[in-house]
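The next block is start.txt, given as compact mmCIF, C-alpha atoms.
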# COMPACT_ATOMS: atom_id res chain seq x y z
CA MET A 1 -76.72 55.20 -142.56
CA LEU A 2 -74.15 54.43 -139.85
CA ILE A 3 -75.54 54.53 -136.33
CA GLN A 4 -72.96 54.87 -133.56
CA CYS A 5 -73.72 53.46 -130.12
CA LEU A 6 -72.35 55.77 -127.45
CA HIS A 7 -73.31 53.56 -124.49
CA LYS A 8 -70.54 51.45 -122.99
CA THR A 9 -71.23 47.74 -122.82
CA THR A 10 -67.87 46.64 -121.51
CA ARG A 11 -69.06 44.71 -118.50
CA PRO A 12 -72.70 43.65 -118.15
CA LEU A 13 -74.22 43.88 -114.69
CA THR A 14 -73.80 40.45 -113.17
CA PRO A 15 -75.12 40.62 -109.62
CA VAL A 16 -72.54 40.23 -106.87
CA ARG A 17 -75.13 38.73 -104.53
CA GLY A 18 -77.01 36.67 -107.11
CA VAL A 19 -79.86 39.15 -107.50
CA GLU A 20 -81.73 39.23 -110.80
CA PHE A 21 -81.17 42.36 -112.89
CA PHE A 22 -82.29 43.37 -116.34
CA GLN A 23 -81.03 45.19 -119.39
CA GLY A 24 -81.53 48.94 -119.33
CA THR A 25 -79.97 52.35 -119.62
CA LEU A 26 -77.35 51.64 -116.95
CA ASP A 27 -76.66 47.99 -117.69
CA SER A 28 -72.86 48.04 -117.56
CA THR A 29 -70.13 49.26 -115.28
CA ASP A 30 -66.35 49.41 -115.36
CA GLU A 31 -65.57 52.52 -113.31
CA ILE A 32 -63.97 50.84 -110.28
CA GLU A 33 -62.33 47.54 -109.45
CA SER A 34 -62.21 47.75 -105.65
CA ALA A 35 -63.21 49.97 -102.74
CA ARG A 36 -62.17 49.80 -99.10
CA VAL A 37 -64.32 50.98 -96.19
CA PHE A 38 -62.87 53.13 -93.39
CA ASP A 39 -65.50 53.58 -90.68
CA THR A 40 -65.37 56.76 -88.59
CA THR A 41 -68.65 56.33 -86.69
CA LEU A 42 -66.84 56.10 -83.35
CA ARG A 43 -64.76 59.22 -84.03
CA ASP A 44 -66.37 61.72 -86.42
CA GLY A 45 -69.78 60.16 -85.89
CA GLU A 46 -69.51 60.78 -82.17
CA GLN A 47 -68.83 64.45 -82.92
CA SER A 48 -72.51 64.83 -83.84
CA PRO A 49 -73.94 67.51 -81.54
CA GLY A 50 -75.39 65.82 -78.46
CA THR A 51 -73.91 62.38 -79.18
CA SER A 52 -71.64 60.59 -76.73
CA PHE A 53 -70.76 56.91 -76.90
CA SER A 54 -69.94 55.12 -73.67
CA TYR A 55 -67.10 52.63 -73.38
CA ASP A 56 -69.55 49.75 -73.81
CA ASP A 57 -71.26 51.49 -76.74
CA LYS A 58 -67.96 51.77 -78.58
CA ARG A 59 -67.02 48.17 -77.89
CA GLN A 60 -70.40 46.89 -79.13
CA ILE A 61 -70.39 48.95 -82.34
CA ALA A 62 -66.75 48.09 -83.05
CA ALA A 63 -67.45 44.37 -82.59
CA VAL A 64 -70.21 44.44 -85.22
CA LEU A 65 -68.09 46.51 -87.63
CA ASP A 66 -65.27 44.02 -87.17
CA ASP A 67 -67.50 40.99 -87.71
CA MET A 68 -68.90 42.55 -90.87
CA GLY A 69 -65.44 42.85 -92.39
CA THR A 70 -64.96 46.63 -92.24
CA HIS A 71 -61.42 47.36 -93.41
CA VAL A 72 -60.53 50.10 -90.88
CA ILE A 73 -62.24 51.23 -87.68
CA GLU A 74 -61.33 54.70 -86.46
CA ALA A 75 -61.94 54.02 -82.78
CA GLY A 76 -61.51 57.55 -81.48
CA PHE A 77 -59.18 60.34 -80.39
CA PRO A 78 -56.94 58.69 -77.75
CA VAL A 79 -55.56 61.91 -76.22
CA ASN A 80 -59.07 63.26 -75.61
CA SER A 81 -59.57 61.59 -72.21
CA ASP A 82 -58.56 58.59 -70.14
CA ALA A 83 -61.87 56.88 -70.97
CA GLU A 84 -61.35 57.52 -74.68
CA PHE A 85 -57.81 56.15 -74.50
CA GLU A 86 -59.00 52.97 -72.76
CA ALA A 87 -61.80 52.44 -75.29
CA VAL A 88 -59.44 52.85 -78.25
CA ARG A 89 -56.86 50.56 -76.66
CA ASP A 90 -59.40 47.84 -75.91
CA ILE A 91 -60.91 48.00 -79.41
CA ALA A 92 -57.43 47.75 -80.92
CA SER A 93 -56.67 44.64 -78.85
CA SER A 94 -60.03 42.92 -79.33
CA THR A 95 -60.68 43.35 -83.08
CA SER A 96 -59.04 41.57 -86.00
CA THR A 97 -59.38 44.49 -88.42
CA THR A 98 -57.12 47.56 -88.57
CA THR A 99 -57.87 50.01 -85.76
CA CYS A 100 -57.05 53.70 -86.21
CA GLY A 101 -56.50 56.50 -83.70
CA LEU A 102 -56.72 60.22 -84.53
CA ALA A 103 -53.97 62.72 -83.65
CA ARG A 104 -53.24 66.36 -84.30
CA VAL A 105 -49.71 67.33 -85.31
CA VAL A 106 -48.91 67.57 -81.61
CA ASP A 107 -46.42 65.34 -79.81
CA GLU A 108 -48.82 64.53 -76.97
CA ASP A 109 -51.54 63.42 -79.41
CA ILE A 110 -49.21 61.21 -81.40
CA GLU A 111 -47.69 59.55 -78.35
CA ALA A 112 -51.16 58.82 -76.93
CA ALA A 113 -52.23 57.25 -80.22
CA LEU A 114 -49.07 55.12 -80.39
CA GLU A 115 -49.45 54.02 -76.77
CA SER A 116 -53.05 52.94 -77.39
CA GLY A 117 -51.78 50.14 -79.61
CA VAL A 118 -53.62 51.08 -82.81
CA GLU A 119 -52.26 49.74 -86.11
CA MET A 120 -52.81 53.10 -87.85
CA VAL A 121 -52.36 56.68 -86.65
CA HIS A 122 -54.38 59.31 -88.51
CA VAL A 123 -52.47 62.61 -88.32
CA PHE A 124 -54.26 65.77 -89.42
CA VAL A 125 -53.62 69.51 -89.69
CA SER A 126 -55.51 72.42 -91.23
CA THR A 127 -54.21 73.53 -94.62
CA SER A 128 -56.76 76.12 -95.81
CA ASP A 129 -55.62 79.70 -95.25
CA VAL A 130 -58.73 80.59 -93.28
CA GLN A 131 -58.07 77.78 -90.79
CA ILE A 132 -54.28 78.25 -90.71
CA GLU A 133 -54.64 81.97 -89.94
CA ASP A 134 -57.81 82.16 -87.83
CA SER A 135 -57.83 78.77 -86.09
CA MET A 136 -54.18 77.70 -85.81
CA HIS A 137 -52.61 81.20 -85.92
CA ALA A 138 -49.69 79.76 -87.88
CA THR A 139 -48.09 79.97 -91.32
CA ARG A 140 -48.07 77.54 -94.22
CA GLU A 141 -44.40 76.82 -93.61
CA GLU A 142 -45.01 75.99 -89.95
CA VAL A 143 -47.92 73.72 -90.86
CA THR A 144 -45.82 71.79 -93.38
CA GLU A 145 -42.95 71.39 -90.93
CA ARG A 146 -45.18 70.07 -88.16
CA ALA A 147 -46.96 67.73 -90.56
CA VAL A 148 -43.70 66.22 -91.80
CA GLN A 149 -42.33 65.81 -88.28
CA SER A 150 -45.54 64.08 -87.14
CA VAL A 151 -45.52 61.64 -90.05
CA GLU A 152 -41.86 60.85 -89.39
CA ARG A 153 -42.59 60.17 -85.69
CA VAL A 154 -45.37 57.71 -86.53
CA LYS A 155 -43.17 55.92 -89.05
CA GLU A 156 -40.30 55.70 -86.54
CA ALA A 157 -42.67 53.64 -84.40
CA ASP A 158 -43.25 51.30 -87.37
CA VAL A 159 -46.97 52.09 -87.45
CA THR A 160 -49.09 52.77 -90.53
CA CYS A 161 -49.53 56.53 -90.99
CA MET A 162 -52.42 58.37 -92.60
CA PHE A 163 -52.02 62.11 -93.20
CA SER A 164 -54.97 64.46 -93.70
CA PRO A 165 -54.67 68.06 -94.94
CA MET A 166 -57.84 69.22 -93.19
CA ASP A 167 -60.17 71.43 -95.25
CA ALA A 168 -58.42 70.23 -98.40
CA THR A 169 -61.25 71.34 -100.69
CA ARG A 170 -60.81 74.96 -99.54
CA THR A 171 -57.01 74.86 -99.66
CA ASP A 172 -54.90 76.62 -102.27
CA GLU A 173 -54.28 73.88 -104.83
CA GLN A 174 -50.55 74.39 -105.22
CA TYR A 175 -50.01 74.42 -101.46
CA LEU A 176 -52.18 71.30 -101.13
CA MET A 177 -49.99 69.46 -103.63
CA ASP A 178 -46.84 70.72 -101.90
CA ILE A 179 -47.83 69.41 -98.47
CA ILE A 180 -49.03 66.13 -99.96
CA GLU A 181 -45.65 65.66 -101.65
CA ALA A 182 -43.78 66.59 -98.44
CA THR A 183 -45.72 64.17 -96.20
CA SER A 184 -45.52 61.45 -98.83
CA ALA A 185 -41.75 61.86 -98.91
CA ALA A 186 -41.74 61.65 -95.09
CA GLY A 187 -43.27 58.18 -95.35
CA ALA A 188 -47.06 58.60 -95.14
CA ASP A 189 -48.74 55.36 -96.15
CA TRP A 190 -52.11 57.01 -96.78
CA ILE A 191 -53.09 60.49 -97.90
CA ASN A 192 -56.65 61.34 -96.91
CA ILE A 193 -58.40 64.19 -98.71
CA PRO A 194 -61.12 65.66 -96.47
CA ASP A 195 -63.99 67.76 -97.77
CA THR A 196 -64.23 69.12 -94.25
CA CYS A 197 -66.97 71.68 -94.88
CA GLY A 198 -68.87 69.70 -97.50
CA VAL A 199 -68.32 72.12 -100.40
CA ALA A 200 -67.20 69.61 -103.04
CA THR A 201 -69.25 68.50 -106.01
CA PRO A 202 -68.73 65.07 -107.59
CA THR A 203 -67.14 66.35 -110.82
CA ARG A 204 -64.80 68.79 -109.06
CA PHE A 205 -63.89 66.31 -106.34
CA LYS A 206 -63.11 63.62 -108.91
CA ALA A 207 -60.77 66.04 -110.70
CA LEU A 208 -59.06 66.92 -107.41
CA ILE A 209 -58.48 63.29 -106.45
CA GLU A 210 -57.01 62.57 -109.89
CA LYS A 211 -54.48 65.37 -109.26
CA VAL A 212 -53.72 64.08 -105.77
CA CYS A 213 -53.07 60.57 -107.11
CA ALA A 214 -50.58 62.06 -109.57
CA HIS A 215 -48.65 63.78 -106.75
CA THR A 216 -48.19 60.87 -104.32
CA ASP A 217 -47.14 57.24 -104.26
CA ALA A 218 -49.16 56.74 -101.07
CA ARG A 219 -52.61 55.18 -101.17
CA VAL A 220 -55.41 57.74 -101.32
CA ASP A 221 -58.43 57.93 -99.02
CA VAL A 222 -61.36 60.38 -99.06
CA HIS A 223 -63.47 61.90 -96.30
CA THR A 224 -66.61 63.75 -97.37
CA HIS A 225 -69.23 65.75 -95.48
CA ASP A 226 -72.93 66.10 -96.25
CA ASP A 227 -73.61 69.84 -95.93
CA PHE A 228 -75.15 69.88 -99.42
CA GLY A 229 -76.31 66.25 -99.43
CA LEU A 230 -73.41 65.21 -101.69
CA ALA A 231 -71.19 63.26 -99.29
CA THR A 232 -71.81 59.75 -100.60
CA ALA A 233 -71.78 60.92 -104.22
CA ASN A 234 -68.46 62.68 -103.62
CA ALA A 235 -66.99 59.61 -101.91
CA LEU A 236 -67.93 57.46 -104.91
CA ALA A 237 -66.50 60.09 -107.27
CA GLY A 238 -63.25 59.89 -105.32
CA ILE A 239 -63.14 56.12 -105.74
CA GLU A 240 -63.80 56.50 -109.47
CA ALA A 241 -60.89 58.94 -109.64
CA GLY A 242 -58.45 56.42 -108.19
CA ALA A 243 -58.84 56.62 -104.40
CA ASP A 244 -58.60 53.24 -102.67
CA GLN A 245 -60.80 53.93 -99.68
CA ALA A 246 -63.60 56.13 -98.33
CA GLN A 247 -64.25 57.25 -94.77
CA VAL A 248 -67.89 56.73 -93.88
CA SER A 249 -70.18 56.80 -90.87
CA VAL A 250 -73.19 54.62 -90.06
CA ASN A 251 -76.49 56.47 -90.63
CA SER A 252 -74.43 59.45 -91.90
CA ILE A 253 -73.90 60.78 -88.37
CA GLY A 254 -71.09 63.25 -87.79
CA GLU A 255 -70.24 66.95 -87.61
CA ARG A 256 -73.08 69.25 -88.71
CA ALA A 257 -75.02 67.41 -91.48
CA GLY A 258 -72.80 64.35 -91.09
CA ASN A 259 -70.57 62.18 -93.27
CA ALA A 260 -70.90 59.90 -96.25
CA ALA A 261 -73.14 57.04 -95.11
CA TYR A 262 -71.61 53.61 -94.48
CA GLU A 263 -74.74 51.86 -95.72
CA GLU A 264 -75.14 54.02 -98.84
CA PHE A 265 -71.50 53.76 -99.87
CA VAL A 266 -71.26 50.00 -99.35
CA MET A 267 -74.49 49.20 -101.17
CA ALA A 268 -73.72 51.55 -104.06
CA VAL A 269 -70.34 49.87 -104.56
CA GLU A 270 -71.88 46.41 -104.27
CA SER A 271 -75.05 46.94 -106.29
CA LEU A 272 -74.43 49.79 -108.73
CA TYR A 273 -70.73 49.27 -109.40
CA GLN A 274 -70.97 45.49 -109.01
CA THR A 275 -67.81 45.40 -106.91
CA ASP A 276 -67.45 43.09 -103.91
CA THR A 277 -66.39 45.10 -100.83
CA GLY A 278 -66.02 42.01 -98.67
CA ILE A 279 -68.53 43.54 -96.22
CA ASP A 280 -71.29 41.32 -94.82
CA THR A 281 -74.14 43.51 -96.03
CA THR A 282 -76.83 41.38 -94.38
CA ARG A 283 -75.97 43.01 -91.04
CA ILE A 284 -76.33 46.61 -92.23
CA ALA A 285 -79.86 47.04 -90.80
CA GLU A 286 -78.73 45.58 -87.47
CA LEU A 287 -75.71 47.91 -87.35
CA SER A 288 -77.89 50.91 -88.20
CA ASP A 289 -80.33 50.10 -85.39
CA ILE A 290 -77.51 49.80 -82.85
CA VAL A 291 -75.96 53.11 -83.85
CA GLU A 292 -79.36 54.82 -83.84
CA ASP A 293 -79.96 53.56 -80.29
CA LYS A 294 -76.51 54.37 -78.92
CA SER A 295 -76.15 57.77 -80.62
CA GLY A 296 -79.62 59.01 -79.68
CA MET A 297 -80.04 60.24 -83.26
CA PRO A 298 -83.28 58.95 -84.87
CA THR A 299 -82.88 57.62 -88.41
CA PRO A 300 -85.27 59.42 -90.81
CA GLY A 301 -87.92 57.21 -92.38
CA ASN A 302 -86.78 58.19 -95.87
CA LYS A 303 -83.11 57.46 -95.17
CA PRO A 304 -81.68 55.41 -98.07
CA VAL A 305 -81.04 51.71 -97.39
CA VAL A 306 -81.86 51.72 -93.65
CA GLY A 307 -84.87 54.04 -93.22
CA ASP A 308 -88.27 52.53 -92.36
CA ASN A 309 -89.56 53.53 -95.80
CA ALA A 310 -86.59 52.22 -97.80
CA PHE A 311 -88.44 49.02 -98.75
CA SER A 312 -92.00 50.07 -97.89
CA HIS A 313 -94.82 50.54 -100.39
CA GLU A 314 -98.18 52.28 -99.99
CA SER A 315 -99.11 53.53 -103.46
CA GLY A 316 -101.56 51.17 -105.15
CA ILE A 317 -99.61 50.98 -108.42
CA HIS A 318 -96.31 50.35 -106.64
CA ALA A 319 -97.71 47.81 -104.21
CA ALA A 320 -99.45 45.90 -106.99
CA GLY A 321 -96.23 45.76 -108.99
CA VAL A 322 -94.13 44.66 -106.02
CA ILE A 323 -96.61 41.92 -105.13
CA GLU A 324 -96.22 40.56 -108.66
CA ASN A 325 -92.43 41.08 -108.87
CA SER A 326 -90.40 43.18 -106.43
CA ASP A 327 -88.08 44.33 -109.23
CA THR A 328 -90.89 46.44 -110.69
CA PHE A 329 -90.60 49.25 -108.14
CA GLU A 330 -87.37 48.45 -106.29
CA PRO A 331 -83.81 48.77 -107.64
CA GLY A 332 -83.55 45.07 -108.41
CA VAL A 333 -79.84 45.02 -107.63
CA MET A 334 -80.57 45.81 -103.97
CA THR A 335 -83.18 43.87 -102.02
CA PRO A 336 -84.20 44.13 -98.35
CA GLU A 337 -82.68 40.68 -97.75
CA MET A 338 -79.27 41.96 -98.87
CA VAL A 339 -79.16 44.46 -96.00
CA GLY A 340 -81.01 42.40 -93.40
CA ALA A 341 -84.28 44.33 -93.71
CA GLU A 342 -87.85 43.37 -94.65
CA ARG A 343 -90.22 44.55 -97.36
CA LYS A 344 -93.42 46.18 -96.08
CA LEU A 345 -96.80 46.92 -97.65
CA VAL A 346 -98.08 49.96 -95.78
CA MET A 347 -101.78 50.75 -95.44
CA GLY A 348 -102.86 54.36 -96.00
CA LYS A 349 -104.45 56.96 -98.23
CA HIS A 350 -102.68 55.69 -101.36
CA THR A 351 -103.29 51.98 -100.80
CA GLY A 352 -104.85 49.96 -103.62
CA THR A 353 -106.93 46.78 -103.69
CA HIS A 354 -103.95 44.52 -104.50
CA SER A 355 -102.19 45.51 -101.29
CA VAL A 356 -105.33 45.18 -99.18
CA ARG A 357 -106.09 41.75 -100.62
CA GLU A 358 -102.50 40.62 -99.93
CA ARG A 359 -102.62 41.78 -96.31
CA LEU A 360 -106.03 40.15 -95.75
CA HIS A 361 -104.70 36.86 -97.11
CA GLU A 362 -101.73 37.12 -94.74
CA LEU A 363 -104.20 37.53 -91.86
CA GLY A 364 -106.14 34.41 -92.87
CA TYR A 365 -109.07 36.01 -94.70
CA GLU A 366 -110.53 34.96 -98.06
CA PRO A 367 -112.38 38.10 -99.17
CA THR A 368 -114.58 38.55 -102.21
CA THR A 369 -113.81 41.29 -104.71
CA ASP A 370 -116.61 43.46 -103.34
CA GLN A 371 -115.34 43.02 -99.78
CA VAL A 372 -111.82 44.00 -100.82
CA ARG A 373 -113.15 47.14 -102.47
CA ALA A 374 -115.22 48.06 -99.42
CA ILE A 375 -112.30 47.55 -97.04
CA THR A 376 -109.98 49.49 -99.35
CA ARG A 377 -112.36 52.47 -99.24
CA ARG A 378 -112.23 52.40 -95.44
CA VAL A 379 -108.41 52.16 -95.46
CA LYS A 380 -108.13 55.16 -97.81
CA ASP A 381 -110.55 57.29 -95.79
CA TYR A 382 -108.82 56.43 -92.53
CA GLY A 383 -105.36 57.11 -94.01
CA ALA A 384 -106.52 60.43 -95.49
CA GLU A 385 -106.94 61.66 -91.93
CA LYS A 386 -103.17 61.16 -91.48
CA ARG A 387 -103.79 58.18 -89.26
CA ARG A 388 -101.74 55.02 -89.43
CA VAL A 389 -103.68 51.94 -90.50
CA THR A 390 -102.74 49.06 -88.21
CA VAL A 391 -103.57 45.35 -88.33
CA ASP A 392 -106.25 45.96 -85.71
CA ASP A 393 -107.80 48.62 -87.94
CA LEU A 394 -107.77 46.25 -90.92
CA GLU A 395 -109.46 43.52 -88.88
CA ARG A 396 -112.06 46.04 -87.70
CA PHE A 397 -112.78 47.09 -91.29
CA ALA A 398 -113.11 43.42 -92.26
CA SER A 399 -115.65 42.88 -89.48
CA GLU A 400 -117.61 45.96 -90.59
CA VAL A 401 -118.14 44.46 -94.06
CA GLY A 402 -119.05 41.05 -92.64
CA LEU A 403 -115.77 39.33 -93.47
CA GLU A 404 -114.58 36.62 -91.10
CA ARG A 405 -111.56 34.34 -91.15
CA GLU A 406 -112.22 30.87 -92.51
CA SER A 407 -111.45 29.30 -89.13
CA GLU A 408 -113.96 31.61 -87.42
CA GLU A 409 -116.65 30.74 -90.00
CA GLU A 410 -116.02 27.04 -89.40
CA GLU A 411 -116.39 27.51 -85.65
CA VAL A 412 -119.71 29.27 -86.19
CA ARG A 413 -120.98 26.42 -88.40
CA VAL A 414 -119.96 23.84 -85.78
Rewritten as structure tokens:
Amino acid sequence: MLIQCLHKTTRPLTPVRGVEFFQGTLDSTDEIESARVFDTTLRDGEQSPGTSFSYDDKRQIAAVLDDMGTHVIEAGFPVNSDAEFEAVRDIASSTSTTTCGLARVVDEDIEAALESGVEMVHVFVSTSDVQIEDSMHATREEVTERAVQSVERVKEADVTCMFSPMDATRTDEQYLMDIIEATSAAGADWINIPDTCGVATPTRFKALIEKVCAHTDARVDVHTHDDFGLATANALAGIEAGADQAQVSVNSIGERAGNAAYEEFVMAVESLYQTDTGIDTTRIAELSDIVEDKSGMPTPGNKPVVGDNAFSHESGIHAAGVIENSDTFEPGVMTPEMVGAERKLVMGKHTGTHSVRERLHELGYEPTTDQVRAITRRVKDYGAEKRRVTVDDLERFASEVGLERESEEEEVRV
């Protein structure tokens, strides 16, 4: 009997960062060869309700993004205010990476962006009928004309131009292809496809990007929103479909539910697709903390990659496995060290004896098996009351069962 293997084995997973992996269901990848990172934390990220970055905030975040090797930093919307213009201008002059400024298809916007000294101007205009009619109060023909004129103006200044048909995923497909072809002919270097209202699904978005790539010679970029929790998945689907770059935001911050997450996108490309982005991933946790502080938006504990729980273990089975070999209950191709974080064994209701013994050893205790069991019972009972078990609590439980550190026992004997 002939058995056919349907699983691709074209390229085994060979860790980019030298992390051990193992054979399994998903042990090969050949979907993408490269992926660029366009960071929009300072522009779309700042549009999170209640968030406002100061001049110094923007400079600090941009400096870290630059040092990490981010390919493009969208520094802001230069025409928005004098302070915004100065921040964008200073970031453009002080960073070595490509700096981008946003502009509507309005002469004043474009001139402000050009005057700020950015290397890329990101021109956008609404293309969905609902936005053309009820937001812009224009026609499709007028939108196309203004888009072409704006692209031409940026190219006259010998500056890289990105064009975005805003709300592309709710735009009539034929009109979307028409305006993409028109702006490409006008000289656009990049065509960005925004899922402005977060309505795309990975399969549909991949199909759309494949069509876009067939209608332009420009490089393709994607911008996805997280209204249904699909932003990062859609961004990756766009890259699989042939897009060169994804627009992302640190900690997912941005309009409404936010954008595709910088940290999720980068680590998925690096670890799951085994493709080197060129980003210094060891500073991801540091970058996340800075953005959390400056944006005033707390990062959820269960946030992938950068949340407090991302590499934390409480369950007895999980903790015991991780103590023996971290690959047992972590991805294996992504470790806390890769993103500049630390692994934690958390004490609580679900804690097992292996975790308690490990923590006691770290604190300098040498408990017996019976003492470990007694302390574990106390940890579980305390955690069941939804209370956090701290080091002080653990030391108190140790004292209650008569356990002392070796150094303390020696002092008593002396």
### Message
At a cut-off of 8 Å around the point (-46.8, 54.7, -86.0) (file coordinates), what residues fall inside when counting all atoms listed in the file? I'd like the answer as a PyMOL selection string.
### Response
chain A and resi 114+119-121+153-161
### Task
Would you mind telling me which residue in A:Leu208, A:Ile239, A:Arg104, A:Ala188 lies nearest to Gln174 in chain A when using all atoms listed in the file?
A:Leu208
So that I can check the surroundings of Thr282 in chain A, please list as a PDB file with C-alpha atoms, in the coordinates of the input every protein, DNA and RNA residue that reaches within 12 Å of it, counting all atoms listed in the file and ignoring chain neighbours fewer than 5 positions away.
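Written file, out.pdb:
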ATOM      1  CA  ARG A  17     -75.130  38.730-104.530  1.00  0.00           C
ATOM      2  CA  VAL A  64     -70.210  44.440 -85.220  1.00  0.00           C
ATOM      3  CA  ASP A  67     -67.500  40.990 -87.710  1.00  0.00           C
ATOM      4  CA  MET A  68     -68.900  42.550 -90.870  1.00  0.00           C
ATOM      5  CA  GLY A  69     -65.440  42.850 -92.390  1.00  0.00           C
ATOM      6  CA  GLU A 263     -74.740  51.860 -95.720  1.00  0.00           C
ATOM      7  CA  VAL A 266     -71.260  50.000 -99.350  1.00  0.00           C
ATOM      8  CA  MET A 267     -74.490  49.200-101.170  1.00  0.00           C
ATOM      9  CA  LEU A 287     -75.710  47.910 -87.350  1.00  0.00           C
ATOM     10  CA  SER A 288     -77.890  50.910 -88.200  1.00  0.00           C
ATOM     11  CA  VAL A 305     -81.040  51.710 -97.390  1.00  0.00           C
ATOM     12  CA  VAL A 306     -81.860  51.720 -93.650  1.00  0.00           C
ATOM     13  CA  MET A 334     -80.570  45.810-103.970  1.00  0.00           C
ATOM     14  CA  THR A 335     -83.180  43.870-102.020  1.00  0.00           C
ATOM     15  CA  PRO A 336     -84.200  44.130 -98.350  1.00  0.00           C
ATOM     16  CA  GLU A 337     -82.680  40.680 -97.750  1.00  0.00           C
ATOM     17  CA  MET A 338     -79.270  41.960 -98.870  1.00  0.00           C
ATOM     18  CA  VAL A 339     -79.160  44.460 -96.000  1.00  0.00           C
ATOM     19  CA  GLY A 340     -81.010  42.400 -93.400  1.00  0.00           C
ATOM     20  CA  ALA A 341     -84.280  44.330 -93.710  1.00  0.00           C
ATOM     21  CA  GLU A 342     -87.850  43.370 -94.650  1.00  0.00           C
TER      22      GLU A 342
END
### Query
Hey, can you check how far CA of Ala231 in chain A sits from CA of Gly254 in chain A?
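Interatomic distance, CA of Ala231 in chain A to CA of Gly254 in chain A: 11.5 Å.
Nearest residue to Val220 in chain A among A:Val291, A:Val401, A:Cys100, A:Ala241 is A:Ala241, counting only C-alpha atoms.
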### Message
So the first atom is CA of Leu42 in chain A and the second is CA of Arg256 in chain A; what is the distance between them in Å, to one decimal place?
### Response
15.5 Å
#### Entry: Pick from A:Asp109, A:Asp172, A:Glu362, A:Glu395 nearest to Gln131 in chain A, counting all atoms listed in the file
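Once distances to Gln131 in chain A are computed over all atoms listed in the file, the minimum belongs to A:Asp172.
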### Message
Report, in Å to a single decimal, how far apart CA of Val333 in chain A and CA of Thr275 in chain A are.
### Response
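Between these atoms lies a distance of 12.1 Å.
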Polymer residues at most 8 Å from His122 in chain A, only C-alpha atoms, same-chain spacing of 3 or more positions, as a PDB file with C-alpha atoms, in the frame of the given file:
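Written out: out_32.pdb:
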ATOM      1  CA  CYS A 100     -57.050  53.700 -86.210  1.00  0.00           C
ATOM      2  CA  GLY A 101     -56.500  56.500 -83.700  1.00  0.00           C
ATOM      3  CA  LEU A 102     -56.720  60.220 -84.530  1.00  0.00           C
ATOM      4  CA  ALA A 103     -53.970  62.720 -83.650  1.00  0.00           C
ATOM      5  CA  CYS A 161     -49.530  56.530 -90.990  1.00  0.00           C
ATOM      6  CA  MET A 162     -52.420  58.370 -92.600  1.00  0.00           C
ATOM      7  CA  PHE A 163     -52.020  62.110 -93.200  1.00  0.00           C
ATOM      8  CA  SER A 164     -54.970  64.460 -93.700  1.00  0.00           C
TER       9      SER A 164
END
### Message
Measuring between only C-alpha atoms, which one of A:Thr369, A:Asn80, A:Thr196, A:Gln149 shows the shortest distance to Ser128 in chain A?
### Response
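The shortest atom-to-atom distance to Ser128 in chain A comes from A:Thr196.
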Write out as a CSV table (one decimal) with C-alpha atoms, in the coordinates of the input which residues come within 8 Å of Thr95 in chain A when counting only C-alpha atoms, dropping same-chain ones fewer than 6 positions away.
chain,number,residue,atom,x,y,z
A,62,ALA,CA,-66.8,48.1,-83.0
A,63,ALA,CA,-67.4,44.4,-82.6
A,66,ASP,CA,-65.3,44.0,-87.2
### Task
Place a sphere of radius 8 Å on (-50.2, 62.9, -105.0) in the file coordinates and name every protein, DNA or RNA residue with an atom inside or on its surface, counting all atoms listed in the file; give the answer as a PyMOL selection string.
chain A and resi 177+180-181+184+211-218
Need the axis-aligned box for range 370-386 of chain A with 5 Å each side, so what are the centre and edges in Å to one decimal, as AutoDock Vina command-line options?
--center_x -109.9 --center_y 52.3 --center_z -97.4 --size_x 23.4 --size_y 28.6 --size_z 21.9
### Query
Of the residues A:Ala268, A:Leu230, A:Ile91, A:Met297, which is the one nearest to Glu46 in chain A, using all atoms listed in the file?
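Ranking A:Ala268, A:Leu230, A:Ile91, A:Met297 by distance to Glu46 in chain A, first place goes to A:Met297.
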